[in-house]
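Here is the structure we will look at, set down as C-alpha cells.
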Amino acid sequence: MRPIDLLLALLVVVVWGLNFAVIKIGVAEVPPLLLGALRFLLAACPAVFLLRPPKVPWRLYLAYGMTISVGQFAFLFSAIHLGMPSGLASLVLQSQAFFTMLFAALWLGESWRRSQLAGLVLAACGLGLIGSAHGLSMPLTGFLLTIAAASMWAAGNIVTRAVARCGPINQLAFVVWASLVPPLPFLALSLLIEGEPAMAEALTGFNWRSFAAVAYLAWAATLLGYGLWTRLLSRYPANQVAPFSLLVPVVGLTTGWLVFDEALRPVHFAGGALLMLGLAVNLFATRLLAWARARP
C-alpha cells in the first residue's frame with residue numbers, strides 16, 4: 001500500500017472511531033431510523049447537484065445503498081438506541097473484517113495468505129480481550145443488531161469490489177449518488193416502526209445538537225469516510241483494506257471513555273495492543289519475510 005493511501009486509511013479510522021459517540025448523541029435527539037434518513041438526505045443534497053453520476057449500473061447503486069447504508073445503519077443506530085455502549089459497538093462492528101474476508105473468498109475467489117490468517121487470529125484475540133471486560137453491560141439485542149450491521153457492511157464491501165470492475169470512477173460521486181437510495185427506505189421503516197408521532201416530535205424539536213450530529217454523520221462519516229474507503233477498496237484487495245477497520249475500536253473506546261465515561265480498563269489496552277499487532281502482521285509480515293529470505 002502506498003504511503004498516501006496508508007495515511008488516508010488511518011484518517012478513515014479516526015473519523016469512523018469518533019462516529020460512534022456522535023451516533024449516541026444523535027439517537028438521543030432523533031429516533032434511529034429517522035436519523036438514518038436525515039443522514040443520507042444531507043449526504044446526497046446538495047452534493048448530488050454538483051457531481052455527475054459515475055457510469056455504474058443502477059443495480060450496484062441500489063445494492064450499495066441497501067447494504068452498506070440502509071442495512072448497516074438501521075441495525076447499528078437501533079443497537080445504540082437500545083443501550084449498546086458506543087465504544088463496545090465500535091468493537092463488535094469490526095467483525096465486518098471477518099465477514100468481508102469470508103464473503104470475498106466465497107463470492108470473489110480471493111485467497112488468504114498465512115500472514116493474513118495469523119494477523120486475524122491475533123486481532124480476534126485482542127477483540128476478545130476487550131469484549132470480555134464488558135460482561136453483562138452489553139445488551140443481547142444490541143449485540144445481535146451490531147453483528148447484523150457488521151454483516152451488512154461486509155456485503156457492501158463486496159458490492160464496492162463489483163463497482164471497481166466498472167473501471168476508474170469518481171468514488172466520492174458514487175457515494176453521493178448512492179446516498180439517494182437510503183432516505184426513502186429509512187423513512188418507510190421509521191414510519192412503520194417508530195411511528196408518525198415520534199417522527200413529528202423529533203422534527204419539531206430539531207435543534208443545533210441534532211443538526212451537528214446529522215452533519216457529522218453525513219459529511220464526515222459518509223462522504224469523507226466512505227468516499228476514501230471506496231477509493232481504497234477500488235485499488236486494493238478487500239482482504240488487505242478491511243483489516244484497517246480493526247483500529248476503529250481503539251478510537252471508539254477511547255472516545256466513549258472520554259465523552260461518556262465508559263470504563264476503559266487495562267484489559268482494553270492489552271486488547272488494543274494485540275489488535276494493532278494483528279494488523280501489522282497482516283499488512284507487513286509477507287513483505288518482511290520476503291525481505292528476510294532475500295538477504296544473503
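Starting from 1 in every chain, residues are counted up; chains themselves are A, B, ... following the order of the C-alpha cells, and ligands are numbered from 1 as listed.
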Using only C-alpha atoms, I'd like a table of the residues in segment 53-162 of chain A that come within 12 Å of segment 174-189 of chain A; for each, show the closest atom pair and its distance in Å rounded to one decimal, ordered by chain and ascending number, as a tab-separated table.
```
residue	atom	partner	partner_atom	distance
A:Pro53	CA	A:Trp177	CA	6.3
A:Pro54	CA	A:Phe174	CA	6.0
A:Lys55	CA	A:Phe174	CA	9.0
A:Val56	CA	A:Phe174	CA	8.3
A:Pro57	CA	A:Phe174	CA	11.1
A:Trp58	CA	A:Ala178	CA	9.3
A:Arg59	CA	A:Ala178	CA	10.4
A:Leu60	CA	A:Ala178	CA	8.7
A:Tyr61	CA	A:Ala178	CA	5.1
A:Leu62	CA	A:Val181	CA	6.3
A:Ala63	CA	A:Ala178	CA	9.0
A:Tyr64	CA	A:Ala178	CA	6.8
A:Gly65	CA	A:Val181	CA	5.3
A:Met66	CA	A:Pro182	CA	6.6
A:Thr67	CA	A:Pro182	CA	9.5
A:Ile68	CA	A:Pro182	CA	9.8
A:Ser69	CA	A:Pro182	CA	6.5
A:Val70	CA	A:Pro182	CA	5.5
A:Gly71	CA	A:Pro182	CA	9.2
A:Gln72	CA	A:Pro182	CA	10.9
A:Phe73	CA	A:Phe186	CA	9.6
A:Ala74	CA	A:Phe186	CA	7.6
A:Phe75	CA	A:Phe186	CA	11.3
A:Phe77	CA	A:Phe186	CA	11.5
A:Ser78	CA	A:Leu189	CA	11.6
A:Gly156	CA	A:Ala178	CA	11.6
A:Val159	CA	A:Ala178	CA	11.8
A:Thr160	CA	A:Phe174	CA	10.1
```
| request: Using backbone DSSP assignments, extract all helix (DSSP H, G or I) residues from segment 89-235 of chain A; output them as a ChimeraX atom specification. | output: /A:89-108,114-132,135-137,140-164,171-178,183-194,196-204,208-235
Taking only C-alpha atoms into account, produce a table as a Markdown table in which each residue of segment 151-247 of chain A with an atom at most 12 Å from an atom of segment 100-112 of chain A appears once, together with its shortest atom pair and the distance in Å to one decimal, ordered by chain and rising number.
```
| residue | atom | partner | partner_atom | distance |
| --- | --- | --- | --- | --- |
| A:Ser151 | CA | A:Thr100 | CA | 7.9 |
| A:Met152 | CA | A:Thr100 | CA | 9.5 |
| A:Trp153 | CA | A:Thr100 | CA | 8.2 |
| A:Ala154 | CA | A:Thr100 | CA | 4.5 |
| A:Ala155 | CA | A:Thr100 | CA | 6.9 |
| A:Gly156 | CA | A:Thr100 | CA | 8.9 |
| A:Asn157 | CA | A:Thr100 | CA | 6.8 |
| A:Ile158 | CA | A:Ala104 | CA | 6.6 |
| A:Val159 | CA | A:Ala104 | CA | 10.2 |
| A:Thr160 | CA | A:Ala104 | CA | 11.2 |
| A:Arg161 | CA | A:Leu108 | CA | 8.7 |
| A:Ala162 | CA | A:Leu108 | CA | 9.1 |
| A:Arg165 | CA | A:Leu108 | CA | 11.7 |
| A:Leu233 | CA | A:Thr100 | CA | 11.5 |
| A:Tyr236 | CA | A:Glu110 | CA | 11.7 |
| A:Pro237 | CA | A:Glu110 | CA | 8.0 |
| A:Ala238 | CA | A:Ala104 | CA | 7.0 |
| A:Asn239 | CA | A:Met101 | CA | 5.5 |
| A:Gln240 | CA | A:Met101 | CA | 9.2 |
| A:Val241 | CA | A:Thr100 | CA | 9.9 |
| A:Ala242 | CA | A:Thr100 | CA | 7.0 |
| A:Pro243 | CA | A:Met101 | CA | 9.3 |
| A:Ser245 | CA | A:Thr100 | CA | 11.1 |
```
| request: Might you pull out every residue within 12 Å of Val251 of chain A, with only C-alpha atoms counted and same-chain residues fewer than 6 positions away left off, and present them as a VMD selection string? | output: chain A and resid 10 to 21 86 to 91 245 257 to 259 264 268 to 269 272
Selected residues written out, N, CA, C and O atoms, as a short mmCIF file (atom, residue, chain, number, x, y, z; two decimals), in the first residue's frame:
```cif
data_model
loop_
_atom_site.label_atom_id
_atom_site.label_comp_id
_atom_site.auth_asym_id
_atom_site.auth_seq_id
_atom_site.Cartn_x
_atom_site.Cartn_y
_atom_site.Cartn_z
N LEU A 10 -5.79 5.59 7.72
CA LEU A 10 -5.76 5.98 9.14
C LEU A 10 -6.70 7.14 9.42
O LEU A 10 -7.30 7.22 10.51
N LEU A 11 -6.87 8.04 8.45
CA LEU A 11 -7.83 9.14 8.61
C LEU A 11 -9.25 8.58 8.71
O LEU A 11 -10.05 9.03 9.55
N VAL A 12 -9.57 7.60 7.90
CA VAL A 12 -10.87 6.95 7.97
C VAL A 12 -11.08 6.33 9.35
O VAL A 12 -12.17 6.39 9.93
N VAL A 13 -10.02 5.72 9.88
CA VAL A 13 -10.10 5.09 11.21
C VAL A 13 -10.52 6.13 12.26
O VAL A 13 -11.41 5.87 13.09
N VAL A 14 -9.90 7.31 12.24
CA VAL A 14 -10.22 8.34 13.23
C VAL A 14 -11.65 8.85 13.03
O VAL A 14 -12.42 8.97 14.00
N VAL A 15 -12.03 9.14 11.79
CA VAL A 15 -13.37 9.67 11.51
C VAL A 15 -14.43 8.67 11.94
O VAL A 15 -15.42 9.03 12.58
N TRP A 16 -14.23 7.40 11.61
CA TRP A 16 -15.23 6.39 11.98
C TRP A 16 -15.19 6.07 13.47
O TRP A 16 -16.21 5.70 14.06
N GLY A 17 -14.02 6.20 14.10
CA GLY A 17 -13.96 5.97 15.54
C GLY A 17 -14.77 6.99 16.31
O GLY A 17 -15.47 6.66 17.28
N LEU A 18 -14.70 8.26 15.91
CA LEU A 18 -15.48 9.32 16.54
C LEU A 18 -16.96 9.19 16.21
O LEU A 18 -17.83 9.68 16.95
N ASN A 19 -17.25 8.53 15.12
CA ASN A 19 -18.61 8.39 14.63
C ASN A 19 -19.56 7.78 15.66
O ASN A 19 -20.73 8.16 15.75
N PHE A 20 -19.06 6.85 16.48
CA PHE A 20 -19.94 6.13 17.41
C PHE A 20 -20.43 7.03 18.54
O PHE A 20 -21.58 6.92 18.98
N ALA A 21 -19.57 7.92 19.00
CA ALA A 21 -20.00 8.89 20.01
C ALA A 21 -21.05 9.82 19.43
O ALA A 21 -22.04 10.17 20.10
N SER A 86 -21.36 2.93 23.12
CA SER A 86 -20.78 3.37 21.85
C SER A 86 -19.41 2.75 21.60
O SER A 86 -19.10 2.33 20.49
N GLY A 87 -18.58 2.68 22.64
CA GLY A 87 -17.25 2.08 22.47
C GLY A 87 -17.33 0.61 22.13
O GLY A 87 -16.61 0.11 21.27
N LEU A 88 -18.21 -0.09 22.82
CA LEU A 88 -18.37 -1.52 22.56
C LEU A 88 -18.96 -1.77 21.18
O LEU A 88 -18.60 -2.73 20.50
N ALA A 89 -19.87 -0.89 20.75
CA ALA A 89 -20.42 -1.02 19.40
C ALA A 89 -19.31 -0.88 18.36
O ALA A 89 -19.28 -1.62 17.36
N SER A 90 -18.38 0.06 18.59
CA SER A 90 -17.27 0.22 17.65
C SER A 90 -16.41 -1.03 17.58
O SER A 90 -15.82 -1.34 16.55
N LEU A 91 -16.35 -1.76 18.69
CA LEU A 91 -15.59 -3.00 18.74
C LEU A 91 -16.30 -4.13 18.00
O LEU A 91 -15.74 -4.76 17.10
N SER A 245 -10.08 -1.50 9.54
CA SER A 245 -11.23 -1.18 10.38
C SER A 245 -11.05 -1.72 11.80
O SER A 245 -11.75 -1.28 12.72
N TRP A 257 -14.89 6.55 26.53
CA TRP A 257 -14.38 6.79 27.89
C TRP A 257 -14.32 8.28 28.19
O TRP A 257 -14.75 8.74 29.25
N LEU A 258 -13.81 9.07 27.24
CA LEU A 258 -13.64 10.50 27.47
C LEU A 258 -14.98 11.25 27.49
O LEU A 258 -15.18 12.15 28.31
N VAL A 259 -15.87 10.89 26.59
CA VAL A 259 -17.11 11.65 26.43
C VAL A 259 -18.23 11.15 27.34
O VAL A 259 -18.96 11.94 27.94
N LEU A 264 -12.68 2.23 30.69
CA LEU A 264 -11.56 1.77 29.88
C LEU A 264 -10.53 1.19 30.85
O LEU A 264 -9.91 1.93 31.60
N HIS A 268 -8.41 -3.41 28.14
CA HIS A 268 -8.69 -2.77 26.87
C HIS A 268 -7.39 -2.39 26.16
O HIS A 268 -7.26 -2.54 24.94
N PHE A 269 -6.44 -1.87 26.95
CA PHE A 269 -5.16 -1.51 26.35
C PHE A 269 -4.43 -2.75 25.84
O PHE A 269 -3.80 -2.73 24.78
N GLY A 272 -6.13 -3.81 22.71
CA GLY A 272 -5.79 -2.89 21.62
C GLY A 272 -4.40 -3.15 21.07
O GLY A 272 -4.17 -3.05 19.87
#
```
Set the distance at 8 Å and use only C-alpha atoms: which residues neighbour segment 202-209 of chain A once local chain neighbours fewer than 4 positions away are removed? I'd like the list as a CSV table (one decimal) with N, CA and C atoms, in the first residue's frame.
```csv
chain,number,residue,atom,x,y,z
A,25,ILE,N,-25.1,10.5,20.6
A,25,ILE,CA,-25.7,11.8,20.8
A,25,ILE,C,-26.9,12.0,19.9
A,26,GLY,N,-26.7,11.5,18.6
A,26,GLY,CA,-27.8,11.7,17.6
A,26,GLY,C,-29.1,10.9,18.0
A,29,GLU,N,-31.4,12.4,20.4
A,29,GLU,CA,-32.2,13.6,19.9
A,29,GLU,C,-33.2,13.2,18.9
A,30,VAL,N,-32.9,12.2,18.1
A,30,VAL,CA,-33.8,11.8,16.9
A,30,VAL,C,-33.9,10.3,16.9
A,31,PRO,N,-35.1,9.7,16.7
A,31,PRO,CA,-35.3,8.3,16.6
A,31,PRO,C,-34.3,7.7,15.5
A,198,ALA,N,-43.7,10.1,16.9
A,198,ALA,CA,-42.3,10.2,17.3
A,198,ALA,C,-41.5,11.0,16.2
A,213,ALA,N,-25.0,16.5,14.9
A,213,ALA,CA,-24.9,15.1,14.8
A,213,ALA,C,-25.1,14.6,13.3
```
| query | Separation of atom CA of Leu34 of chain A and atom CA of Trp229 of chain A, in Å? | reply |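 One can read the atom CA of Leu34 of chain A to atom CA of Trp229 of chain A distance as 24.7 Å.
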| query | If you count only C-alpha atoms, which residues fall within 9 Å of Ala164 of chain A, apart from same-chain ones fewer than 6 positions away, as a ChimeraX atom specification? | reply | /A:230-231,233-235
Would you save the residues of that selection, restricted to N, CA, C and O atoms, as a tab-separated table (two decimals), in the first residue's frame?
```
chain	number	residue	atom	x	y	z
A	230	THR	N	-14.14	3.63	-0.25
A	230	THR	CA	-14.44	3.11	-1.58
A	230	THR	C	-13.22	3.23	-2.49
A	230	THR	O	-12.92	2.33	-3.28
A	231	ARG	N	-12.50	4.36	-2.36
A	231	ARG	CA	-11.27	4.55	-3.14
A	231	ARG	C	-10.25	3.46	-2.83
A	231	ARG	O	-9.64	2.88	-3.75
A	233	LEU	N	-10.80	0.42	-1.52
A	233	LEU	CA	-11.26	-0.90	-1.96
A	233	LEU	C	-11.20	-1.04	-3.48
A	233	LEU	O	-11.12	-2.16	-3.99
A	234	SER	N	-11.25	0.09	-4.18
A	234	SER	CA	-11.15	0.01	-5.64
A	234	SER	C	-9.71	-0.20	-6.10
A	234	SER	O	-9.47	-0.59	-7.24
A	235	ARG	N	-8.74	0.06	-5.20
A	235	ARG	CA	-7.33	-0.04	-5.57
A	235	ARG	C	-6.65	-1.29	-5.02
A	235	ARG	O	-5.64	-1.73	-5.57
```
| What is the atom CA of Ala9 of chain A to atom CA of Val281 of chain A distance in Å? | 16.6 Å
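Atom pair atom CA of Leu277 of chain A / atom CA of Ser132 of chain A has a distance of 18.9 Å (rounded to one decimal).
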| request: Go through A:Ile193, A:Leu41, A:Val267, A:Val250 and flag the residue nearest Thr222 of chain A, using only C-alpha atoms for the distances. | output: A:Leu41
